[in-house]
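> If it helps, the file is called protein_32.tsv and holds TSV, C-alpha atoms and all ligand atoms:
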chain	number	residue	atom	x	y	z
A	550	MET	CA	8.30	23.17	2.17
A	551	TYR	CA	5.24	21.93	0.26
A	552	GLU	CA	2.49	23.74	-1.57
A	553	HIS	CA	-1.10	22.68	-1.31
A	554	ASN	CA	-2.75	25.83	-2.53
A	555	GLN	CA	-4.86	24.16	-5.21
A	556	ASN	CA	-6.30	21.66	-2.74
A	557	PRO	CA	-9.57	22.32	-0.95
A	558	TYR	CA	-8.28	20.07	1.86
A	559	MET	CA	-5.34	17.89	2.76
A	560	LEU	CA	-5.87	14.14	2.42
A	561	LEU	CA	-4.87	12.21	5.52
A	562	THR	CA	-6.13	9.10	3.80
A	563	PRO	CA	-3.55	6.65	2.62
A	564	GLY	CA	-4.41	6.43	-1.04
A	565	PRO	CA	-5.19	8.53	-2.86
A	566	LEU	CA	-3.15	10.91	-0.79
A	567	THR	CA	-1.82	14.43	-0.89
A	568	THR	CA	0.61	14.76	-3.79
A	569	SER	CA	2.99	17.58	-4.64
A	570	THR	CA	2.09	20.36	-7.05
A	571	THR	CA	5.03	19.33	-9.23
A	572	VAL	CA	3.67	15.76	-9.53
A	573	LYS	CA	0.26	17.12	-10.53
A	574	GLU	CA	1.78	19.55	-13.03
A	575	THR	CA	3.40	16.78	-15.05
A	576	MET	CA	-0.08	15.62	-16.03
A	577	LEU	CA	-0.63	18.62	-18.28
A	578	ALA	CA	0.69	16.80	-21.34
A	579	ASP	CA	-0.76	14.04	-23.50
A	580	TRP	CA	1.35	11.07	-24.51
A	581	CYS	CA	1.20	8.54	-27.30
A	582	THR	CA	1.24	5.05	-25.81
A	583	TRP	CA	3.25	3.30	-28.53
A	584	ASP	CA	5.73	6.11	-29.14
A	585	ASP	CA	9.32	5.62	-27.96
A	586	ASP	CA	9.25	8.75	-25.75
A	587	TYR	CA	6.43	7.32	-23.68
A	588	LYS	CA	7.74	3.77	-23.66
A	589	SER	CA	11.09	5.04	-22.40
A	590	ILE	CA	9.30	6.64	-19.42
A	591	VAL	CA	7.69	3.26	-18.68
A	592	GLN	CA	11.05	1.51	-18.96
A	593	SER	CA	12.72	4.04	-16.69
A	594	ILE	CA	9.96	3.51	-14.11
A	595	ARG	CA	10.48	-0.26	-14.26
A	596	HIS	CA	14.20	0.28	-13.83
A	597	SER	CA	13.71	2.67	-10.88
A	598	LEU	CA	11.37	0.22	-9.15
A	599	LEU	CA	14.02	-2.50	-9.22
A	600	HIS	CA	16.52	0.02	-7.93
A	601	LEU	CA	14.16	1.03	-5.10
A	602	ALA	CA	13.65	-2.63	-4.22
A	603	ASP	CA	17.44	-3.00	-4.27
A	604	VAL	CA	17.35	-6.03	-6.58
A	605	SER	CA	19.22	-6.81	-9.79
A	606	SER	CA	17.58	-6.83	-13.20
A	607	GLU	CA	19.14	-10.21	-13.96
A	608	LEU	CA	17.21	-11.93	-11.19
A	609	TYR	CA	14.18	-9.69	-10.80
A	610	THR	CA	11.71	-7.99	-13.06
A	611	THR	CA	8.73	-5.71	-12.81
A	612	VAL	CA	5.41	-5.23	-14.52
A	613	LEU	CA	2.90	-2.40	-14.32
A	614	MET	CA	-0.84	-3.11	-14.35
A	615	GLN	CA	-3.79	-0.79	-15.00
A	616	GLY	CA	-6.33	-0.19	-12.23
A	617	SER	CA	-6.20	0.41	-8.50
A	618	GLY	CA	-3.99	-1.67	-6.21
A	619	THR	CA	-6.57	-4.43	-5.90
A	620	PHE	CA	-6.38	-5.07	-9.66
A	621	SER	CA	-2.67	-5.85	-9.24
A	622	VAL	CA	-3.38	-8.11	-6.26
A	623	GLU	CA	-6.03	-9.90	-8.30
A	624	SER	CA	-3.65	-10.15	-11.21
A	625	VAL	CA	-1.01	-11.85	-9.02
A	626	ILE	CA	-3.44	-14.21	-7.29
A	627	GLY	CA	-5.12	-15.07	-10.60
A	628	SER	CA	-1.93	-15.49	-12.66
A	629	THR	CA	0.65	-17.15	-10.42
A	630	ILE	CA	-1.11	-20.08	-8.75
A	631	PRO	CA	-1.25	-23.24	-10.87
A	632	HIS	CA	-4.59	-24.98	-11.28
A	633	ASP	CA	-3.55	-27.70	-8.83
A	634	GLY	CA	-1.99	-25.17	-6.43
A	635	LYS	CA	-3.31	-23.92	-3.10
A	636	LEU	CA	-3.00	-20.56	-1.41
A	637	LEU	CA	-2.62	-19.87	2.30
A	638	VAL	CA	-3.51	-16.31	3.33
A	639	LEU	CA	-2.37	-14.81	6.63
A	640	MET	CA	-5.23	-12.63	7.74
A	641	ASN	CA	-5.46	-9.82	10.22
A	642	GLY	CA	-7.49	-7.20	8.46
A	643	ALA	CA	-9.60	-6.20	5.49
A	644	TYR	CA	-6.78	-6.44	2.94
A	645	GLY	CA	-5.84	-9.99	3.89
A	646	GLU	CA	-9.53	-10.84	3.69
A	647	ARG	CA	-9.69	-9.29	0.24
A	648	ILE	CA	-6.96	-11.67	-0.98
A	649	GLY	CA	-9.10	-14.57	0.23
A	650	LYS	CA	-12.16	-13.13	-1.53
A	651	ILE	CA	-10.21	-12.87	-4.78
A	652	ALA	CA	-9.08	-16.50	-4.55
A	653	ASP	CA	-12.65	-17.50	-3.77
A	654	ARG	CA	-14.10	-15.62	-6.72
A	655	LEU	CA	-11.49	-17.08	-9.07
A	656	GLY	CA	-12.16	-20.62	-7.87
A	657	ILE	CA	-8.64	-21.04	-6.50
A	658	ASP	CA	-8.18	-23.54	-3.69
A	659	TRP	CA	-7.26	-21.54	-0.58
A	660	THR	CA	-7.23	-21.50	3.16
A	661	SER	CA	-6.55	-18.82	5.74
A	662	LEU	CA	-4.77	-18.33	8.99
A	663	PRO	CA	-6.66	-15.61	10.85
A	664	SER	CA	-5.04	-14.03	13.90
A	665	GLY	CA	-7.66	-11.42	14.79
A	666	GLU	CA	-7.46	-7.83	13.64
A	667	THR	CA	-5.22	-6.55	16.39
A	668	GLU	CA	-2.79	-9.49	16.61
A	669	PRO	CA	0.19	-10.35	14.40
A	670	PRO	CA	0.18	-13.76	12.67
A	671	ASP	CA	1.04	-16.74	14.86
A	672	LEU	CA	4.23	-18.24	13.45
A	673	ASN	CA	3.76	-21.59	15.20
A	674	GLU	CA	0.34	-21.87	13.60
A	675	LEU	CA	1.90	-21.02	10.24
A	676	THR	CA	4.46	-23.80	10.67
A	677	LYS	CA	1.70	-26.16	11.69
A	678	SER	CA	-0.42	-25.30	8.63
A	679	LEU	CA	2.47	-25.86	6.24
A	680	GLU	CA	3.47	-29.04	8.03
A	681	GLU	CA	-0.04	-30.49	7.97
A	682	ASP	CA	-1.17	-29.42	4.50
A	683	ALA	CA	1.45	-30.27	1.91
A	684	SER	CA	-0.91	-29.19	-0.89
A	685	ILE	CA	-0.27	-25.50	-0.05
A	686	THR	CA	1.98	-24.04	-2.74
A	687	HIS	CA	1.71	-20.27	-2.16
A	688	VAL	CA	1.57	-18.08	0.96
A	689	ALA	CA	0.32	-14.47	0.91
A	690	VAL	CA	0.69	-11.84	3.61
A	691	VAL	CA	-0.06	-8.12	3.82
A	692	HIS	CA	3.01	-6.18	4.96
A	693	CYS	CA	1.35	-3.10	6.43
A	694	GLU	CA	-2.29	-4.04	7.13
A	695	THR	CA	-3.85	-0.67	6.34
A	696	THR	CA	-6.99	-1.63	8.29
A	697	THR	CA	-5.10	-1.12	11.55
A	698	GLY	CA	-1.71	0.19	10.46
A	699	MET	CA	-0.14	-2.98	11.84
A	700	LEU	CA	3.25	-3.87	10.44
A	701	ASN	CA	3.30	-7.63	10.02
A	702	PRO	CA	6.60	-9.43	10.76
A	703	ILE	CA	7.39	-10.42	7.17
A	704	LYS	CA	10.96	-11.49	7.95
A	705	GLU	CA	9.76	-14.11	10.44
A	706	VAL	CA	6.95	-15.13	8.09
A	707	SER	CA	9.42	-15.45	5.22
A	708	ASN	CA	11.70	-17.71	7.28
A	709	VAL	CA	8.88	-20.19	7.76
A	710	VAL	CA	7.50	-19.92	4.21
A	711	LYS	CA	10.94	-20.48	2.73
A	712	ALA	CA	11.81	-23.34	5.08
A	713	TYR	CA	8.86	-25.11	3.43
A	714	ASN	CA	9.86	-23.91	-0.04
A	715	LYS	CA	6.61	-22.10	-0.84
A	716	THR	CA	6.05	-19.23	-3.25
A	717	PHE	CA	5.87	-16.03	-1.19
A	718	ILE	CA	3.45	-13.24	-2.14
A	719	VAL	CA	3.57	-9.93	-0.25
A	720	ASP	CA	0.95	-7.17	-0.51
A	721	ALA	CA	3.30	-4.27	0.19
A	722	MET	CA	0.77	-1.76	-1.12
A	723	SER	CA	1.01	0.69	1.75
A	724	SER	CA	4.64	0.06	2.72
A	725	PHE	CA	6.77	-0.10	-0.44
A	726	GLY	CA	8.68	3.15	-0.85
A	727	GLY	CA	7.88	4.28	2.71
A	728	ILE	CA	9.39	1.50	4.79
A	729	GLU	CA	12.86	0.14	4.23
A	730	PHE	CA	13.11	-3.63	3.71
A	731	SER	CA	15.03	-5.94	1.43
A	732	MET	CA	13.02	-7.92	-1.09
A	733	GLN	CA	16.04	-10.13	-1.66
A	734	ASP	CA	16.67	-10.93	2.03
A	735	LEU	CA	12.98	-11.65	2.46
A	736	ASP	CA	13.12	-13.93	-0.58
A	737	ILE	CA	9.80	-12.54	-1.87
A	738	ASP	CA	8.58	-14.05	-5.14
A	739	PHE	CA	5.87	-11.46	-5.92
A	740	LEU	CA	5.64	-8.05	-4.29
A	741	ILE	CA	2.63	-5.85	-5.06
A	742	SER	CA	2.25	-2.11	-4.62
A	743	SER	CA	0.60	0.84	-6.37
A	744	ALA	CA	1.20	4.34	-7.68
A	745	ASN	CA	-0.80	6.23	-5.10
A	746	LYS	CA	0.65	5.09	-1.78
A	747	CYS	CA	4.14	5.73	-0.36
A	748	ILE	CA	5.68	6.71	-3.69
A	749	GLN	CA	3.17	9.57	-3.65
A	750	GLY	CA	1.90	9.36	-7.21
A	751	VAL	CA	-1.69	9.68	-8.38
A	752	PRO	CA	-4.03	6.68	-8.71
A	753	GLY	CA	-4.41	4.62	-11.90
A	754	PHE	CA	-2.07	1.66	-11.83
A	755	GLY	CA	-0.28	-0.84	-9.63
A	756	PHE	CA	2.96	-2.73	-10.07
A	757	VAL	CA	4.42	-6.11	-9.31
A	758	ILE	CA	8.08	-6.81	-8.65
A	759	SER	CA	9.01	-10.45	-8.97
A	760	LYS	CA	11.77	-12.94	-9.34
A	761	ARG	CA	12.21	-13.62	-13.04
A	762	SER	CA	12.25	-17.35	-12.34
A	763	SER	CA	8.88	-17.11	-10.56
A	764	MET	CA	7.32	-14.99	-13.32
A	765	GLU	CA	8.55	-17.38	-16.01
A	766	LYS	CA	6.47	-20.15	-14.47
A	767	CYS	CA	3.20	-18.24	-14.96
A	768	LYS	CA	2.59	-18.70	-18.68
A	769	GLY	CA	-1.01	-19.67	-19.36
A	770	LEU	CA	-2.08	-19.69	-15.69
A	771	ALA	CA	-4.20	-16.52	-15.70
A	772	ARG	CA	-7.94	-16.78	-15.04
A	773	SER	CA	-8.48	-13.37	-16.68
A	774	LEU	CA	-7.43	-11.79	-19.96
A	775	SER	CA	-7.02	-8.16	-18.90
A	776	LEU	CA	-5.37	-9.09	-15.58
A	777	ASP	CA	-2.98	-11.65	-17.07
A	778	LEU	CA	0.25	-10.70	-15.32
A	779	TYR	CA	2.43	-12.93	-17.47
A	780	ASP	CA	1.06	-11.61	-20.79
A	781	GLN	CA	1.40	-8.04	-19.60
A	782	TRP	CA	4.98	-8.75	-18.57
A	783	VAL	CA	5.92	-10.39	-21.88
A	784	THR	CA	4.51	-7.43	-23.83
A	785	MET	CA	6.37	-4.92	-21.63
A	786	GLU	CA	9.59	-6.88	-21.99
A	787	GLU	CA	9.43	-7.60	-25.71
A	788	GLN	CA	8.01	-4.26	-26.78
A	789	GLU	CA	10.14	-2.30	-24.33
A	790	GLY	CA	7.58	-0.49	-22.23
A	791	LYS	CA	4.38	-1.19	-24.18
A	792	TRP	CA	1.25	-2.01	-22.18
A	793	ARG	CA	-1.17	-4.47	-23.78
A	794	PHE	CA	-4.19	-2.16	-23.52
A	795	THR	CA	-4.57	1.61	-23.04
A	796	SER	CA	-2.24	2.69	-20.29
A	797	PRO	CA	-2.96	5.52	-17.83
A	798	THR	CA	-0.48	7.87	-19.53
A	799	HIS	CA	-0.90	10.92	-17.31
A	800	THR	CA	-0.65	8.83	-14.17
A	801	VAL	CA	2.45	7.11	-15.50
A	802	ARG	CA	4.14	10.42	-16.26
A	803	ALA	CA	3.22	11.71	-12.78
A	804	PHE	CA	4.65	8.55	-11.24
A	805	ARG	CA	8.00	9.19	-12.96
A	806	GLN	CA	8.04	12.60	-11.25
A	807	ALA	CA	7.01	11.06	-7.91
A	808	LEU	CA	9.92	8.60	-8.12
A	809	ASP	CA	12.31	11.50	-8.82
A	810	GLU	CA	10.94	13.34	-5.79
A	811	LEU	CA	11.43	10.26	-3.62
A	812	GLN	CA	15.05	10.24	-4.75
A	813	GLN	CA	15.40	13.98	-4.05
A	814	GLU	CA	13.99	13.50	-0.57
A	815	GLY	CA	16.83	11.09	0.15
A	816	GLY	CA	15.26	7.74	-0.71
A	817	ILE	CA	13.14	5.31	1.28
A	818	GLN	CA	14.96	5.80	4.59
A	819	ALA	CA	14.48	9.58	4.53
A	820	ARG	CA	10.81	9.14	3.67
A	821	GLN	CA	10.36	6.58	6.42
A	822	ASP	CA	11.97	9.04	8.87
A	823	ARG	CA	9.53	11.77	7.85
A	824	TYR	CA	6.52	9.43	8.14
A	825	THR	CA	7.79	8.21	11.50
A	826	SER	CA	8.16	11.76	12.85
A	827	ASN	CA	4.67	12.57	11.57
A	828	GLN	CA	3.23	9.50	13.22
A	829	ARG	CA	4.99	10.01	16.58
A	830	ARG	CA	3.92	13.64	16.80
A	831	LEU	CA	0.38	12.68	15.80
A	832	VAL	CA	0.07	10.05	18.52
A	833	GLU	CA	1.67	12.27	21.14
A	834	GLY	CA	-0.63	15.19	20.28
A	835	MET	CA	-3.75	13.02	20.05
A	836	ARG	CA	-2.98	11.42	23.44
A	837	GLN	CA	-2.70	14.91	24.94
A	838	LEU	CA	-6.16	15.64	23.53
A	839	GLY	CA	-7.50	12.50	25.21
A	840	PHE	CA	-7.56	10.05	22.27
A	841	THR	CA	-6.30	6.48	22.53
A	842	PRO	CA	-4.59	4.68	19.63
A	843	LEU	CA	-5.94	1.22	18.79
A	844	LEU	CA	-2.58	-0.57	18.67
A	845	PRO	CA	0.29	-0.66	21.13
A	846	ASP	CA	3.19	1.43	19.80
A	847	GLU	CA	5.33	-1.63	19.03
A	848	LEU	CA	2.83	-3.04	16.50
A	849	GLN	CA	2.08	0.31	14.90
A	850	SER	CA	3.54	1.34	11.52
A	851	PRO	CA	4.30	4.93	10.57
A	852	ILE	CA	1.72	4.70	7.74
A	853	ILE	CA	-1.74	5.07	9.26
A	854	THR	CA	-3.01	5.22	12.85
A	855	PRO	CA	-6.44	4.21	14.12
A	856	PHE	CA	-7.83	5.84	17.26
A	857	TYR	CA	-10.79	4.73	19.34
A	858	HIS	CA	-13.83	6.95	19.21
A	859	PRO	CA	-13.80	9.09	22.36
A	860	ASP	CA	-15.79	7.59	25.20
A	861	ASN	CA	-18.49	10.25	25.02
A	862	PRO	CA	-22.15	9.74	24.07
A	863	GLY	CA	-22.10	13.06	22.21
A	864	PHE	CA	-19.45	11.87	19.73
A	865	ASP	CA	-20.49	11.10	16.19
A	866	PHE	CA	-17.88	10.38	13.50
A	867	GLU	CA	-19.74	12.11	10.65
A	868	THR	CA	-19.90	15.40	12.54
A	869	PHE	CA	-16.25	15.16	13.61
A	870	TYR	CA	-15.28	14.41	9.99
A	871	LYS	CA	-17.21	17.44	8.72
A	872	GLU	CA	-15.70	19.73	11.35
A	873	LEU	CA	-12.20	18.63	10.39
A	874	LYS	CA	-12.93	18.97	6.69
A	875	LEU	CA	-14.10	22.56	7.24
A	876	ARG	CA	-10.67	23.15	8.77
A	877	GLY	CA	-8.86	21.65	5.79
A	878	PHE	CA	-8.29	17.98	6.69
A	879	VAL	CA	-9.93	14.80	5.49
A	880	ILE	CA	-9.55	11.64	7.58
A	881	TYR	CA	-10.68	8.02	7.18
A	882	PRO	CA	-13.42	6.14	8.97
A	883	GLY	CA	-12.35	3.00	10.83
A	884	LYS	CA	-12.25	-0.39	9.15
A	885	VAL	CA	-11.86	-2.67	12.15
A	886	THR	CA	-14.93	-4.85	12.74
A	887	ASN	CA	-16.62	-4.58	16.14
A	888	LEU	CA	-14.49	-1.68	17.39
A	889	GLU	CA	-15.39	1.99	16.97
A	890	THR	CA	-12.35	3.66	15.45
A	891	PHE	CA	-11.32	6.33	12.95
A	892	ARG	CA	-8.01	6.47	11.09
A	893	ILE	CA	-5.52	9.19	10.31
A	894	GLY	CA	-2.95	8.62	7.55
A	895	ASN	CA	0.60	9.93	7.81
A	896	ILE	CA	1.73	9.32	4.26
A	897	GLY	CA	1.74	11.69	1.31
A	898	VAL	CA	3.19	15.17	1.05
A	899	ILE	CA	2.72	15.89	4.74
A	900	ASP	CA	5.29	17.19	7.15
A	901	ILE	CA	5.45	17.88	10.84
A	902	GLU	CA	3.98	21.41	10.52
A	903	ASP	CA	0.94	19.88	8.83
A	904	ILE	CA	0.57	17.51	11.78
A	905	GLU	CA	0.79	20.50	14.16
A	906	ARG	CA	-1.93	22.27	12.18
A	907	LEU	CA	-4.01	19.10	12.22
A	908	LEU	CA	-3.75	18.83	16.00
A	909	VAL	CA	-5.04	22.38	16.35
A	910	ALA	CA	-7.90	21.53	13.97
A	911	VAL	CA	-8.72	18.38	15.96
A	912	GLU	CA	-8.88	20.36	19.19
A	913	GLN	CA	-11.18	22.92	17.55
A	914	SER	CA	-13.35	20.10	16.17
A	915	MET	CA	-14.00	18.44	19.53
A	916	TYR	CA	-17.55	19.77	19.53
A	917	TRP	CA	-18.69	17.18	22.08
A	918	LYS	CA	-16.43	18.79	24.68
A	919	GLN	CA	-17.62	22.32	24.09
A	920	THR	CA	-19.95	23.67	26.75
A	921	ILE	CA	-22.25	26.62	26.26
A	922	ALA	CA	-20.54	29.76	27.55
B	1	LIG	C1	-4.54	0.42	-0.64
B	1	LIG	C2	-4.34	-1.02	-0.41
B	1	LIG	C3	-4.72	-2.00	-1.34
B	1	LIG	C4	-5.39	-1.65	-2.65
B	1	LIG	O1	-6.52	-0.90	-2.52
B	1	LIG	P1	-7.13	-0.15	-3.79
B	1	LIG	O2	-8.28	0.58	-3.20
B	1	LIG	O3	-7.51	-1.16	-4.78
B	1	LIG	O4	-6.05	0.75	-4.32
B	1	LIG	C5	-4.41	-3.31	-1.09
B	1	LIG	N1	-3.77	-3.68	0.03
B	1	LIG	C6	-3.40	-2.78	0.96
B	1	LIG	C7	-2.68	-3.25	2.17
B	1	LIG	C8	-3.67	-1.42	0.78
B	1	LIG	O5	-3.29	-0.53	1.70
Output the file's structure as structure tokens, nothing else.
Ligand SMILES: *Cc1c(COP(=O)(O)O)cnc(C)c1O


Amino acid sequence: MYEHNQNPYMLLTPGPLTTSTTVKETMLADWCTWDDDYKSIVQSIRHSLLHLADVSSELYTTVLMQGSGTFSVESVIGSTIPHDGKLLVLMNGAYGERIGKIADRLGIDWTSLPSGETEPPDLNELTKSLEEDASITHVAVVHCETTTGMLNPIKEVSNVVKAYNKTFIVDAMSSFGGIEFSMQDLDIDFLISSANKCIQGVPGFGFVISKRSSMEKCKGLARSLSLDLYDQWVTMEEQEGKWRFTSPTHTVRAFRQALDELQQEGGIQARQDRYTSNQRRLVEGMRQLGFTPLLPDELQSPIITPFYHPDNPGFDFETFYKELKLRGFVIYPGKVTNLETFRIGNIGVIDIEDIERLLVAVEQSMYWKQTIA
């Protein structure tokens, strides 16, 4: 189904990830950033994103931001919280922690609700925090915590956040486009994602989908010029697809193609089904080879799966990584503190045959099992 013939290896790393040849081919043209042809591509992307999020353009809007996903997170944290506001971050992994670090660096008043890296957020604790600290104005949560692949219960979190009338920020970086959910039902104020995750584009920019009413409150709040979300939004709105500063034109054009390919695949549900089949087959095959996944199946998303290092003194991740790379696959080291894990991503242009090939490669790479004949 897919062609990877230009690639030295397949990326099983969730971002950047394996993209289609047709997405890469669209980058063979140069575009003028202020010309109508280019701006109409930007506008069509903004339109498609609202369509993907299943929200109306009267109530919601979208803005694209240069940089990797973190730049968009920083742009939201730095541009949406008033100077007398306070942020509560639900934390169960490196990406939740990063939101806290951003707030810290920007001098924003913030607090966190850590639940440990392998546990979902405690909703009673969340209620308690909002009950006890009325100065909290904004709550941020990571949807799929890419550290562990845990899918956080954003519906339940939203119910509490909205019962207390707080602004709700969701880092949906590694879930938007690959996991079906309704931004409207979840009453999300600011949703953040990027070009090089489930939409399967190439890296270079992120995007924010927000309620218009929430965005309109952000004038003059930004702590940064280049990451001013509101200013970027006003320019894109008024100048119909113009970015304030040089935009990543090739990446933008590739993203248009990636959105078309998502549509051709059958939309988010079809993509989620493919990722889910990939993930199930991966876990089944890895278990047969003796590996143990970090999370119980019910907390695990179809996006990325951490496995414990095998319980064998001869195992060394670097060597395993190199063996797999020789066989055409690149995987991720673990990111969980205090536990020895590695991660395998299931997103990108990967199908079940690729997972079958990977499992063969894993078996061949289990050098610590091989005895001298
Ligand atoms: C990928 C990712 C980010 C952004 O990471 P970048 O390296 O800046 O692209 C943020 N949050 C989550 C949950 C992610 O998976």

> Just how far from atom CA of A:Pro631 is atom CA of A:Ser606, in Å to one decimal?

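Between atom CA of A:Ser606 and atom CA of A:Pro631 the gap is 25.1 Å.
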
> Give me the residues near stretch 855-867 of chain A as a PyMOL selection string, where near means some atom within 6 Å (using only C-alpha atoms) and where sequence neighbours in that chain fewer than 5 positions away do not count.

chain A and resi 841-843+889-892+917

> Excluding A:Ile685 and its own-chain neighbours fewer than 3 positions away, which residues fall within 7 Å of it when counting all atoms listed in the file? Please give them as a PyMOL selection string.

chain A and resi 634-637+679+682

> Take atom CA of A:Ile896 and atom CA of A:Pro563 and report the distance between them in Å, one decimal.

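The value is 6.1 Å.
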
> I want to know what sits within 10 Å of A:Gln733, based on all atoms listed in the file, with residues of the same chain fewer than 3 positions away left out; could you give that as a list in words?

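After dropping sequence-adjacent residues, the list is Ala602, Asp603, Val604, Ser605, Leu608, Tyr609, Phe730, Asp736, Ile737, Asp738 and Lys760 of chain A.
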
> Would you mind listing the residues within 6 Å of ligand LIG 1 (chain B), counting only C-alpha atoms and all ligand atoms, as number ranges by chain?

A: 617-619, 644, 691, 693-695, 720, 722-723
